[in-house]
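K.L.:
For reference, the structure I am asking about is given below.
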Amino acid sequence: MEIDDTVKIFGNTTIGKNSMIMQNVVIGYPTTEILKKPNWQKLDFEGARIGDNAIIRSNTVIYCNVEIGDNFVTGHNVVIRENTKIRNNVLVGTNTVIEGETIIGNNVSIQSNVYIPRRTIIEDFVFIGPNAVLTNDKYPLRKDYELRGPIIRRGATIGANSVILPSVEIGEGAFVAAGALVTKDVPPWKLAIGVPAKIKDLPESLKVLNRL
């Protein structure tokens with residue numbers, strides 16, 4: 001295991017074997033609730049759990065109560081908030097933000113500058129292209145609304161610069177084109193394209209599982 005001298009580790013954090021934790025990474029970062037408590041530095045709280053063979057690049061921040069499986073890789077400046085569960089073989093690109101209470105499956109590739117809000121579900125073999133934005137609030141600061149991010153089903157592809165609105169379900173194997181604005185559910189193995197996105201048949205050549 002290789003952990004740089006500049007790494008900060010909080011709480012009861014565990015890191016698996018053969019992992020590399022690079023410069024200025026923070027793991028197990030306390031939530032606001034913990035920070036508000038007197039002498040929080042002396043508190044015994046759950047940190048983060050990271051599996052074997054991780055490569056976590058510089059300036060990444062992983063909060064407490066995060067569970068991550070084996071073969072996890074990040075770019076630089078990644079933020080992963082509390083109560084997130086990530087399984088095995090997941091890549092999270094540079095400057096990506098994953099908010100809390102999110103579940104990410106196995107063999108998932110999330111590219112740079114992606115925003116994933118609280119209460120999002122991403123299943124296995126999903127690809128999310130750079131600068132994609134997922135949302136969880138239909139009426140920001142205007143109405144009471146139960147925050148709920150999208151559900152991205154197994155093998156779906158989300159193109160670069162696309163926007164997925166709250167509670168939208170992207171079906172298994174579906175393909176969201178680059179720059180699409182997805183306002184409604186996308187059926188399995190269909191194509192969503194345009195602003196707002198229209199649902200079209202997916203070409204036969206694309207009806208294959210992502211190679212992740």
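Ordering of the structure tokens sets the chain letters (A, B, ...); residue numbers start at 1 within each chain; ligands are numbered from 1 in the order shown.
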Using only C-alpha atoms, which protein or nucleic acid residues come within 12 Å of region 139-155 of chain A? Drop anything in the same chain fewer than 6 positions from it, and give the result as a tab-separated table (two decimals) with N, CA, C and O atoms, in the first residue's frame.
P.N.:
```
chain	number	residue	atom	x	y	z
A	98	ILE	N	-20.10	13.45	-6.55
A	98	ILE	CA	-21.14	12.46	-6.26
A	98	ILE	C	-21.71	12.82	-4.89
A	98	ILE	O	-21.03	12.71	-3.87
A	99	GLU	N	-22.96	13.25	-4.87
A	99	GLU	CA	-23.58	13.63	-3.61
A	99	GLU	C	-24.00	12.40	-2.82
A	99	GLU	O	-23.94	11.28	-3.31
A	100	GLY	N	-24.44	12.61	-1.59
A	100	GLY	CA	-24.72	11.51	-0.69
A	100	GLY	C	-25.93	10.68	-1.06
A	100	GLY	O	-26.70	11.02	-1.95
A	101	GLU	N	-26.04	9.54	-0.36
A	101	GLU	CA	-27.18	8.64	-0.50
A	101	GLU	C	-27.33	8.12	-1.93
A	101	GLU	O	-28.44	7.95	-2.43
A	102	THR	N	-26.22	7.90	-2.57
A	102	THR	CA	-26.20	7.43	-3.95
A	102	THR	C	-25.64	6.01	-3.99
A	102	THR	O	-24.75	5.67	-3.22
A	103	ILE	N	-26.17	5.21	-4.90
A	103	ILE	CA	-25.71	3.83	-5.08
A	103	ILE	C	-25.18	3.67	-6.49
A	103	ILE	O	-25.85	4.02	-7.46
A	104	ILE	N	-23.96	3.13	-6.60
A	104	ILE	CA	-23.33	2.90	-7.89
A	104	ILE	C	-22.89	1.44	-7.95
A	104	ILE	O	-22.25	0.94	-7.03
A	105	GLY	N	-23.22	0.77	-9.05
A	105	GLY	CA	-22.98	-0.66	-9.18
A	105	GLY	C	-21.57	-1.01	-9.62
A	105	GLY	O	-20.62	-0.23	-9.45
A	106	ASN	N	-21.44	-2.18	-10.22
A	106	ASN	CA	-20.16	-2.70	-10.68
A	106	ASN	C	-19.87	-2.26	-12.13
A	106	ASN	O	-20.79	-2.07	-12.92
A	107	ASN	N	-18.57	-2.13	-12.44
A	107	ASN	CA	-18.15	-1.87	-13.82
A	107	ASN	C	-18.82	-0.63	-14.40
A	107	ASN	O	-19.43	-0.65	-15.46
A	108	VAL	N	-18.65	0.47	-13.68
A	108	VAL	CA	-19.24	1.75	-14.07
A	108	VAL	C	-18.11	2.72	-14.40
A	108	VAL	O	-17.11	2.81	-13.67
A	109	SER	N	-18.28	3.47	-15.49
A	109	SER	CA	-17.30	4.48	-15.89
A	109	SER	C	-17.98	5.85	-15.90
A	109	SER	O	-18.89	6.09	-16.70
A	115	TYR	N	-21.88	15.64	-12.63
A	115	TYR	CA	-22.55	15.93	-11.35
A	115	TYR	C	-23.64	14.90	-11.11
A	115	TYR	O	-24.55	14.73	-11.94
A	116	ILE	N	-23.55	14.22	-9.96
A	116	ILE	CA	-24.52	13.20	-9.59
A	116	ILE	C	-25.13	13.59	-8.26
A	116	ILE	O	-24.44	13.64	-7.23
A	117	PRO	N	-26.43	13.90	-8.21
A	117	PRO	CA	-27.04	14.42	-6.99
A	117	PRO	C	-27.40	13.32	-6.00
A	117	PRO	O	-27.31	12.12	-6.28
A	118	ARG	N	-27.85	13.75	-4.83
A	118	ARG	CA	-28.31	12.81	-3.81
A	118	ARG	C	-29.45	11.93	-4.33
A	118	ARG	O	-30.23	12.34	-5.16
A	119	ARG	N	-29.47	10.71	-3.80
A	119	ARG	CA	-30.54	9.74	-4.05
A	119	ARG	C	-30.62	9.37	-5.53
A	119	ARG	O	-31.70	9.31	-6.11
A	120	THR	N	-29.47	9.12	-6.11
A	120	THR	CA	-29.37	8.61	-7.47
A	120	THR	C	-28.99	7.13	-7.42
A	120	THR	O	-28.23	6.72	-6.54
A	121	ILE	N	-29.49	6.36	-8.37
A	121	ILE	CA	-29.13	4.95	-8.49
A	121	ILE	C	-28.52	4.72	-9.86
A	121	ILE	O	-29.12	5.06	-10.89
A	122	ILE	N	-27.32	4.14	-9.88
A	122	ILE	CA	-26.64	3.82	-11.13
A	122	ILE	C	-26.29	2.33	-11.08
A	122	ILE	O	-25.53	1.89	-10.21
A	123	GLU	N	-26.83	1.56	-11.99
A	123	GLU	CA	-26.63	0.12	-11.98
A	123	GLU	C	-25.34	-0.27	-12.70
A	123	GLU	O	-24.56	0.59	-13.12
A	124	ASP	N	-25.13	-1.58	-12.87
A	124	ASP	CA	-23.89	-2.10	-13.45
A	124	ASP	C	-23.71	-1.72	-14.92
A	124	ASP	O	-24.69	-1.53	-15.64
A	125	PHE	N	-22.46	-1.65	-15.35
A	125	PHE	CA	-22.07	-1.47	-16.76
A	125	PHE	C	-22.62	-0.17	-17.37
A	125	PHE	O	-22.88	-0.09	-18.57
A	126	VAL	N	-22.74	0.86	-16.55
A	126	VAL	CA	-23.20	2.17	-17.03
A	126	VAL	C	-21.99	3.02	-17.41
A	126	VAL	O	-20.96	3.02	-16.73
A	127	PHE	N	-22.15	3.79	-18.50
A	127	PHE	CA	-21.16	4.78	-18.91
A	127	PHE	C	-21.81	6.16	-18.85
A	127	PHE	O	-22.89	6.35	-19.43
A	128	ILE	N	-21.14	7.11	-18.18
A	128	ILE	CA	-21.63	8.50	-18.12
A	128	ILE	C	-20.54	9.40	-18.68
A	128	ILE	O	-19.43	9.48	-18.14
A	133	VAL	N	-24.98	16.13	-16.45
A	133	VAL	CA	-25.55	16.64	-15.21
A	133	VAL	C	-26.83	15.88	-14.91
A	133	VAL	O	-27.78	15.88	-15.70
A	163	VAL	N	-28.36	16.31	-19.89
A	163	VAL	CA	-28.98	16.66	-18.62
A	163	VAL	C	-30.15	15.70	-18.38
A	163	VAL	O	-31.02	15.56	-19.26
A	164	ILE	N	-30.17	15.07	-17.22
A	164	ILE	CA	-31.24	14.13	-16.87
A	164	ILE	C	-32.02	14.74	-15.71
A	164	ILE	O	-31.45	15.06	-14.67
A	165	LEU	N	-33.33	14.92	-15.88
A	165	LEU	CA	-34.14	15.56	-14.85
A	165	LEU	C	-34.47	14.59	-13.71
A	165	LEU	O	-34.29	13.37	-13.84
A	166	PRO	N	-34.95	15.12	-12.58
A	166	PRO	CA	-35.19	14.29	-11.40
A	166	PRO	C	-36.16	13.14	-11.67
A	166	PRO	O	-37.11	13.26	-12.46
A	167	SER	N	-35.91	12.02	-10.99
A	167	SER	CA	-36.78	10.84	-10.99
A	167	SER	C	-36.89	10.15	-12.34
A	167	SER	O	-37.63	9.17	-12.46
A	168	VAL	N	-36.20	10.63	-13.35
A	168	VAL	CA	-36.25	10.00	-14.67
A	168	VAL	C	-35.52	8.66	-14.61
A	168	VAL	O	-34.46	8.55	-14.00
A	169	GLU	N	-36.11	7.65	-15.26
A	169	GLU	CA	-35.48	6.34	-15.34
A	169	GLU	C	-34.96	6.10	-16.75
A	169	GLU	O	-35.72	6.18	-17.72
A	170	ILE	N	-33.67	5.84	-16.84
A	170	ILE	CA	-33.05	5.48	-18.12
A	170	ILE	C	-32.98	3.96	-18.16
A	170	ILE	O	-32.28	3.34	-17.36
A	171	GLY	N	-33.70	3.35	-19.07
A	171	GLY	CA	-33.87	1.91	-19.09
A	171	GLY	C	-32.60	1.15	-19.42
A	171	GLY	O	-31.61	1.71	-19.91
A	172	GLU	N	-32.64	-0.15	-19.18
A	172	GLU	CA	-31.50	-1.02	-19.45
A	172	GLU	C	-31.05	-0.88	-20.90
A	172	GLU	O	-31.85	-0.92	-21.83
A	173	GLY	N	-29.77	-0.67	-21.10
A	173	GLY	CA	-29.19	-0.60	-22.44
A	173	GLY	C	-29.58	0.63	-23.24
A	173	GLY	O	-29.17	0.76	-24.40
A	174	ALA	N	-30.31	1.55	-22.65
A	174	ALA	CA	-30.72	2.76	-23.38
A	174	ALA	C	-29.50	3.65	-23.64
A	174	ALA	O	-28.48	3.57	-22.95
A	175	PHE	N	-29.65	4.54	-24.62
A	175	PHE	CA	-28.55	5.41	-25.05
A	175	PHE	C	-29.06	6.85	-25.08
A	175	PHE	O	-30.01	7.15	-25.82
A	176	VAL	N	-28.46	7.72	-24.26
A	176	VAL	CA	-28.80	9.14	-24.26
A	176	VAL	C	-27.74	9.87	-25.07
A	176	VAL	O	-26.55	9.82	-24.74
A	182	VAL	N	-33.19	15.18	-21.03
A	182	VAL	CA	-34.11	14.06	-20.85
A	182	VAL	C	-35.11	14.42	-19.75
A	182	VAL	O	-34.75	14.53	-18.58
A	183	THR	N	-36.37	14.59	-20.15
A	183	THR	CA	-37.41	15.02	-19.23
A	183	THR	C	-38.37	13.90	-18.85
A	183	THR	O	-39.23	14.10	-17.98
A	184	LYS	N	-38.26	12.74	-19.50
A	184	LYS	CA	-39.16	11.63	-19.19
A	184	LYS	C	-38.40	10.32	-19.32
A	184	LYS	O	-37.30	10.28	-19.87
A	185	ASP	N	-39.00	9.26	-18.82
A	185	ASP	CA	-38.34	7.96	-18.82
A	185	ASP	C	-37.97	7.52	-20.23
A	185	ASP	O	-38.70	7.79	-21.20
A	186	VAL	N	-36.83	6.84	-20.32
A	186	VAL	CA	-36.37	6.28	-21.58
A	186	VAL	C	-36.51	4.76	-21.50
A	186	VAL	O	-35.91	4.14	-20.63
A	187	PRO	N	-37.30	4.14	-22.38
A	187	PRO	CA	-37.48	2.68	-22.31
A	187	PRO	C	-36.18	1.94	-22.57
A	187	PRO	O	-35.24	2.48	-23.16
A	188	PRO	N	-36.11	0.68	-22.14
A	188	PRO	CA	-34.91	-0.11	-22.39
A	188	PRO	C	-34.56	-0.18	-23.88
A	188	PRO	O	-35.44	-0.27	-24.73
A	189	TRP	N	-33.26	-0.09	-24.16
A	189	TRP	CA	-32.72	-0.26	-25.52
A	189	TRP	C	-33.35	0.71	-26.52
A	189	TRP	O	-33.61	0.37	-27.66
A	190	LYS	N	-33.59	1.95	-26.05
A	190	LYS	CA	-34.04	3.02	-26.93
A	190	LYS	C	-33.03	4.16	-26.92
A	190	LYS	O	-32.14	4.23	-26.07
A	206	LEU	N	-25.93	-0.76	-31.91
A	206	LEU	CA	-25.69	-0.27	-30.57
A	206	LEU	C	-26.42	-1.08	-29.50
A	206	LEU	O	-26.34	-0.76	-28.32
A	207	LYS	N	-27.10	-2.11	-29.92
A	207	LYS	CA	-27.82	-2.95	-28.95
A	207	LYS	C	-26.90	-4.02	-28.38
A	207	LYS	O	-27.13	-5.22	-28.50
A	208	VAL	N	-25.83	-3.54	-27.75
A	208	VAL	CA	-24.84	-4.41	-27.11
A	208	VAL	C	-24.49	-3.81	-25.75
A	208	VAL	O	-24.64	-2.61	-25.53
A	209	LEU	N	-24.03	-4.65	-24.84
A	209	LEU	CA	-23.65	-4.18	-23.51
A	209	LEU	C	-22.38	-3.35	-23.58
A	209	LEU	O	-21.48	-3.64	-24.38
A	210	ASN	N	-22.33	-2.31	-22.79
A	210	ASN	CA	-21.13	-1.47	-22.74
A	210	ASN	C	-19.89	-2.31	-22.41
A	210	ASN	O	-19.93	-3.19	-21.56
A	211	ARG	N	-18.78	-1.99	-23.06
A	211	ARG	CA	-17.54	-2.76	-22.88
A	211	ARG	C	-16.74	-2.14	-21.72
A	211	ARG	O	-15.75	-1.46	-21.93
A	212	LEU	N	-17.21	-2.42	-20.51
A	212	LEU	CA	-16.56	-1.88	-19.32
A	212	LEU	C	-16.01	-3.01	-18.47
A	212	LEU	O	-16.57	-4.08	-18.42
```
K.L.:
Find the residues around Ile110 (chain A) up to 10 Å (only C-alpha atoms counted), leave out those fewer than 6 positions away in its own chain, and share them as a ChimeraX atom specification.
P.N.:
/A:74,90-94,96,116,126-132,158
K.L.:
What does the file look like for those residues with C-alpha atoms, as a PDB file, in the first residue's frame?
P.N.:
```pdb
ATOM      1  CA  THR A  74     -10.429   8.367  -9.488  1.00  0.00           C
ATOM      2  CA  VAL A  90     -15.637   1.833 -10.853  1.00  0.00           C
ATOM      3  CA  LEU A  91     -13.879   4.808 -12.447  1.00  0.00           C
ATOM      4  CA  VAL A  92     -14.750   8.370 -11.357  1.00  0.00           C
ATOM      5  CA  GLY A  93     -13.223  11.089 -13.526  1.00  0.00           C
ATOM      6  CA  THR A  94     -11.584  14.388 -12.622  1.00  0.00           C
ATOM      7  CA  THR A  96     -16.756  14.793 -10.658  1.00  0.00           C
ATOM      8  CA  ILE A 116     -24.522  13.195  -9.591  1.00  0.00           C
ATOM      9  CA  VAL A 126     -23.201   2.168 -17.033  1.00  0.00           C
ATOM     10  CA  PHE A 127     -21.158   4.781 -18.911  1.00  0.00           C
ATOM     11  CA  ILE A 128     -21.630   8.495 -18.124  1.00  0.00           C
ATOM     12  CA  GLY A 129     -19.875  10.901 -20.474  1.00  0.00           C
ATOM     13  CA  PRO A 130     -18.057  14.118 -19.542  1.00  0.00           C
ATOM     14  CA  ASN A 131     -20.008  17.123 -18.269  1.00  0.00           C
ATOM     15  CA  ALA A 132     -23.254  15.189 -17.873  1.00  0.00           C
ATOM     16  CA  ILE A 158     -25.309   8.797 -20.943  1.00  0.00           C
TER      17      ILE A 158
END
```
K.L.:
Where does DSSP see strand (DSSP E or B) in region 30-210 of chain A, if you list the residues as a ChimeraX atom specification?
P.N.:
/A:46-50,55-56,61-63,66-68,73-74,79-80,85-86,90-92,97-98,103-104,108-110,115-116,121-122,127-128,133-134,151-152,157-158,163-164,169-170,175-176,181-182,186,190-193,198-201
K.L.:
As a PyMOL selection string, please: every residue in chain A that DSSP puts in helix (DSSP H, G or I).
P.N.:
chain A and resi 32-35+40-42+204-206
K.L.:
How would the residues just picked look written out with all heavy atoms as a PDB file, in the first residue's frame?
P.N.:
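Final file, part-v7.pdb:
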```
ATOM      1  N   THR A  32     -21.321  17.683   8.398  1.00  0.00           N
ATOM      2  CA  THR A  32     -21.594  18.911   9.155  1.00  0.00           C
ATOM      3  C   THR A  32     -22.043  18.589  10.570  1.00  0.00           C
ATOM      4  O   THR A  32     -21.653  19.280  11.533  1.00  0.00           O
ATOM      5  CB  THR A  32     -22.669  19.739   8.425  1.00  0.00           C
ATOM      6  OG1 THR A  32     -22.199  20.075   7.127  1.00  0.00           O
ATOM      7  CG2 THR A  32     -22.981  21.020   9.190  1.00  0.00           C
ATOM      8  N   GLU A  33     -22.865  17.548  10.719  1.00  0.00           N
ATOM      9  CA  GLU A  33     -23.366  17.189  12.045  1.00  0.00           C
ATOM     10  C   GLU A  33     -22.219  16.846  12.992  1.00  0.00           C
ATOM     11  O   GLU A  33     -22.236  17.208  14.169  1.00  0.00           O
ATOM     12  CB  GLU A  33     -24.330  16.006  11.935  1.00  0.00           C
ATOM     13  CG  GLU A  33     -25.663  16.332  11.282  1.00  0.00           C
ATOM     14  CD  GLU A  33     -25.583  16.475   9.774  1.00  0.00           C
ATOM     15  OE1 GLU A  33     -24.538  16.065   9.192  1.00  0.00           O
ATOM     16  OE2 GLU A  33     -26.530  16.996   9.176  1.00  0.00           O
ATOM     17  N   ILE A  34     -21.222  16.142  12.492  1.00  0.00           N
ATOM     18  CA  ILE A  34     -20.062  15.807  13.325  1.00  0.00           C
ATOM     19  C   ILE A  34     -19.237  17.046  13.630  1.00  0.00           C
ATOM     20  O   ILE A  34     -18.800  17.271  14.768  1.00  0.00           O
ATOM     21  CB  ILE A  34     -19.210  14.728  12.637  1.00  0.00           C
ATOM     22  CG1 ILE A  34     -19.988  13.413  12.532  1.00  0.00           C
ATOM     23  CG2 ILE A  34     -17.892  14.520  13.378  1.00  0.00           C
ATOM     24  CD1 ILE A  34     -19.305  12.351  11.704  1.00  0.00           C
ATOM     25  N   LEU A  35     -19.022  17.880  12.630  1.00  0.00           N
ATOM     26  CA  LEU A  35     -18.186  19.068  12.826  1.00  0.00           C
ATOM     27  C   LEU A  35     -18.775  20.035  13.848  1.00  0.00           C
ATOM     28  O   LEU A  35     -18.032  20.801  14.491  1.00  0.00           O
ATOM     29  CB  LEU A  35     -17.993  19.779  11.486  1.00  0.00           C
ATOM     30  CG  LEU A  35     -17.125  19.061  10.452  1.00  0.00           C
ATOM     31  CD1 LEU A  35     -17.179  19.790   9.124  1.00  0.00           C
ATOM     32  CD2 LEU A  35     -15.689  18.937  10.952  1.00  0.00           C
ATOM     33  N   TRP A  40     -14.964  17.513  18.202  1.00  0.00           N
ATOM     34  CA  TRP A  40     -15.302  16.466  17.238  1.00  0.00           C
ATOM     35  C   TRP A  40     -14.077  15.620  16.862  1.00  0.00           C
ATOM     36  O   TRP A  40     -14.208  14.449  16.495  1.00  0.00           O
ATOM     37  CB  TRP A  40     -15.932  17.064  15.982  1.00  0.00           C
ATOM     38  CG  TRP A  40     -14.994  17.891  15.142  1.00  0.00           C
ATOM     39  CD1 TRP A  40     -14.817  19.233  15.197  1.00  0.00           C
ATOM     40  CD2 TRP A  40     -14.113  17.406  14.131  1.00  0.00           C
ATOM     41  NE1 TRP A  40     -13.868  19.629  14.285  1.00  0.00           N
ATOM     42  CE2 TRP A  40     -13.416  18.533  13.617  1.00  0.00           C
ATOM     43  CE3 TRP A  40     -13.825  16.151  13.611  1.00  0.00           C
ATOM     44  CZ2 TRP A  40     -12.461  18.427  12.609  1.00  0.00           C
ATOM     45  CZ3 TRP A  40     -12.867  16.033  12.602  1.00  0.00           C
ATOM     46  CH2 TRP A  40     -12.205  17.167  12.110  1.00  0.00           C
ATOM     47  N   GLN A  41     -12.894  16.234  16.963  1.00  0.00           N
ATOM     48  CA  GLN A  41     -11.682  15.499  16.601  1.00  0.00           C
ATOM     49  C   GLN A  41     -11.476  14.254  17.467  1.00  0.00           C
ATOM     50  O   GLN A  41     -10.795  13.315  17.054  1.00  0.00           O
ATOM     51  CB  GLN A  41     -10.451  16.413  16.727  1.00  0.00           C
ATOM     52  CG  GLN A  41     -10.457  17.622  15.822  1.00  0.00           C
ATOM     53  CD  GLN A  41     -11.046  18.847  16.506  1.00  0.00           C
ATOM     54  OE1 GLN A  41     -11.856  18.728  17.428  1.00  0.00           O
ATOM     55  NE2 GLN A  41     -10.623  20.019  16.075  1.00  0.00           N
ATOM     56  N   LYS A  42     -12.038  14.262  18.661  1.00  0.00           N
ATOM     57  CA  LYS A  42     -11.870  13.139  19.584  1.00  0.00           C
ATOM     58  C   LYS A  42     -13.007  12.128  19.497  1.00  0.00           C
ATOM     59  O   LYS A  42     -12.986  11.121  20.206  1.00  0.00           O
ATOM     60  CB  LYS A  42     -11.748  13.669  21.014  1.00  0.00           C
ATOM     61  CG  LYS A  42     -10.539  14.576  21.225  1.00  0.00           C
ATOM     62  CD  LYS A  42     -10.457  15.061  22.663  1.00  0.00           C
ATOM     63  CE  LYS A  42      -9.245  15.971  22.857  1.00  0.00           C
ATOM     64  NZ  LYS A  42      -9.164  16.459  24.258  1.00  0.00           N
ATOM     65  N   GLU A 204     -29.447  -1.170 -34.435  1.00  0.00           N
ATOM     66  CA  GLU A 204     -29.109  -2.538 -34.045  1.00  0.00           C
ATOM     67  C   GLU A 204     -27.649  -2.661 -33.631  1.00  0.00           C
ATOM     68  O   GLU A 204     -27.302  -3.436 -32.742  1.00  0.00           O
ATOM     69  CB  GLU A 204     -29.409  -3.493 -35.200  1.00  0.00           C
ATOM     70  CG  GLU A 204     -30.884  -3.723 -35.452  1.00  0.00           C
ATOM     71  CD  GLU A 204     -31.590  -4.387 -34.277  1.00  0.00           C
ATOM     72  OE1 GLU A 204     -30.952  -5.242 -33.622  1.00  0.00           O
ATOM     73  OE2 GLU A 204     -32.755  -4.050 -34.001  1.00  0.00           O
ATOM     74  N   SER A 205     -26.770  -1.895 -34.272  1.00  0.00           N
ATOM     75  CA  SER A 205     -25.345  -1.987 -33.979  1.00  0.00           C
ATOM     76  C   SER A 205     -25.004  -1.525 -32.560  1.00  0.00           C
ATOM     77  O   SER A 205     -23.928  -1.843 -32.031  1.00  0.00           O
ATOM     78  CB  SER A 205     -24.535  -1.177 -34.976  1.00  0.00           C
ATOM     79  OG  SER A 205     -24.878   0.203 -34.894  1.00  0.00           O
ATOM     80  N   LEU A 206     -25.926  -0.759 -31.915  1.00  0.00           N
ATOM     81  CA  LEU A 206     -25.691  -0.267 -30.569  1.00  0.00           C
ATOM     82  C   LEU A 206     -26.419  -1.076 -29.498  1.00  0.00           C
ATOM     83  O   LEU A 206     -26.341  -0.756 -28.319  1.00  0.00           O
ATOM     84  CB  LEU A 206     -26.115   1.205 -30.474  1.00  0.00           C
ATOM     85  CG  LEU A 206     -25.321   2.190 -31.328  1.00  0.00           C
ATOM     86  CD1 LEU A 206     -25.841   3.597 -31.140  1.00  0.00           C
ATOM     87  CD2 LEU A 206     -23.830   2.137 -30.987  1.00  0.00           C
TER      88      LEU A 206
END
```
K.L.:
From the list A:Val25, A:Ala160, A:Ile9, A:Leu43, which residue is nearest His76 (chain A) when using only C-alpha atoms?
P.N.:
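Closest candidate: A:Val25.
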K.L.:
Return the single residue from A:Asp137, A:Asp52, A:Glu82, A:Asp201 that is closest to Asn18 (chain A), with distances computed using only C-alpha atoms.
P.N.:
A:Asp52
K.L.:
As a list in words, please: the residues near Ala54 (chain A) (cut-off 6 Å, only C-alpha atoms, same-chain neighbours under 4 positions excluded).
P.N.:
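So the residues in contact are Ser19, Asn71, Phe72 and Val73 of chain A.
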K.L.:
Would you mind exporting the chosen residues as a PDB file, in the first residue's frame, restricted to N, CA, C and O atoms?
P.N.:
```
ATOM      1  N   SER A  19      -3.360  -0.542  -2.460  1.00  0.00           N
ATOM      2  CA  SER A  19      -3.977   0.723  -2.848  1.00  0.00           C
ATOM      3  C   SER A  19      -2.942   1.836  -2.890  1.00  0.00           C
ATOM      4  O   SER A  19      -1.942   1.804  -2.169  1.00  0.00           O
ATOM      5  N   ASN A  71     -10.805  -2.207  -6.810  1.00  0.00           N
ATOM      6  CA  ASN A  71     -10.393  -1.684  -8.125  1.00  0.00           C
ATOM      7  C   ASN A  71     -11.037  -0.337  -8.436  1.00  0.00           C
ATOM      8  O   ASN A  71     -11.409  -0.049  -9.570  1.00  0.00           O
ATOM      9  N   PHE A  72     -11.121   0.511  -7.424  1.00  0.00           N
ATOM     10  CA  PHE A  72     -11.695   1.845  -7.568  1.00  0.00           C
ATOM     11  C   PHE A  72     -10.616   2.807  -8.047  1.00  0.00           C
ATOM     12  O   PHE A  72      -9.494   2.800  -7.532  1.00  0.00           O
ATOM     13  N   VAL A  73     -10.948   3.655  -9.025  1.00  0.00           N
ATOM     14  CA  VAL A  73      -9.979   4.605  -9.580  1.00  0.00           C
ATOM     15  C   VAL A  73     -10.643   5.970  -9.694  1.00  0.00           C
ATOM     16  O   VAL A  73     -11.783   6.083 -10.170  1.00  0.00           O
TER      17      VAL A  73
END
```
K.L.:
Residues at most 8 Å from Val7 (chain A), counting only C-alpha atoms, excluding those fewer than 3 positions away in the same chain, as number ranges by chain?
P.N.:
A: 3-4, 21-27
K.L.:
Take the residues from that selection and write them out as a PDB file, in the first residue's frame, keeping C-alpha atoms.
P.N.:
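Dumped to out-v4.pdb:
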```pdb
ATOM      1  CA  ILE A   3      -0.242   6.476   1.107  1.00  0.00           C
ATOM      2  CA  ASP A   4       1.302   9.900   0.546  1.00  0.00           C
ATOM      3  CA  ILE A  21      -3.600   7.211  -2.149  1.00  0.00           C
ATOM      4  CA  MET A  22      -1.975  10.268  -3.691  1.00  0.00           C
ATOM      5  CA  GLN A  23      -1.248  13.856  -2.635  1.00  0.00           C
ATOM      6  CA  ASN A  24      -3.724  15.862  -0.525  1.00  0.00           C
ATOM      7  CA  VAL A  25      -6.445  13.218  -0.537  1.00  0.00           C
ATOM      8  CA  VAL A  26      -8.928  13.313   2.361  1.00  0.00           C
ATOM      9  CA  ILE A  27     -10.722  10.106   3.383  1.00  0.00           C
TER      10      ILE A  27
END
```
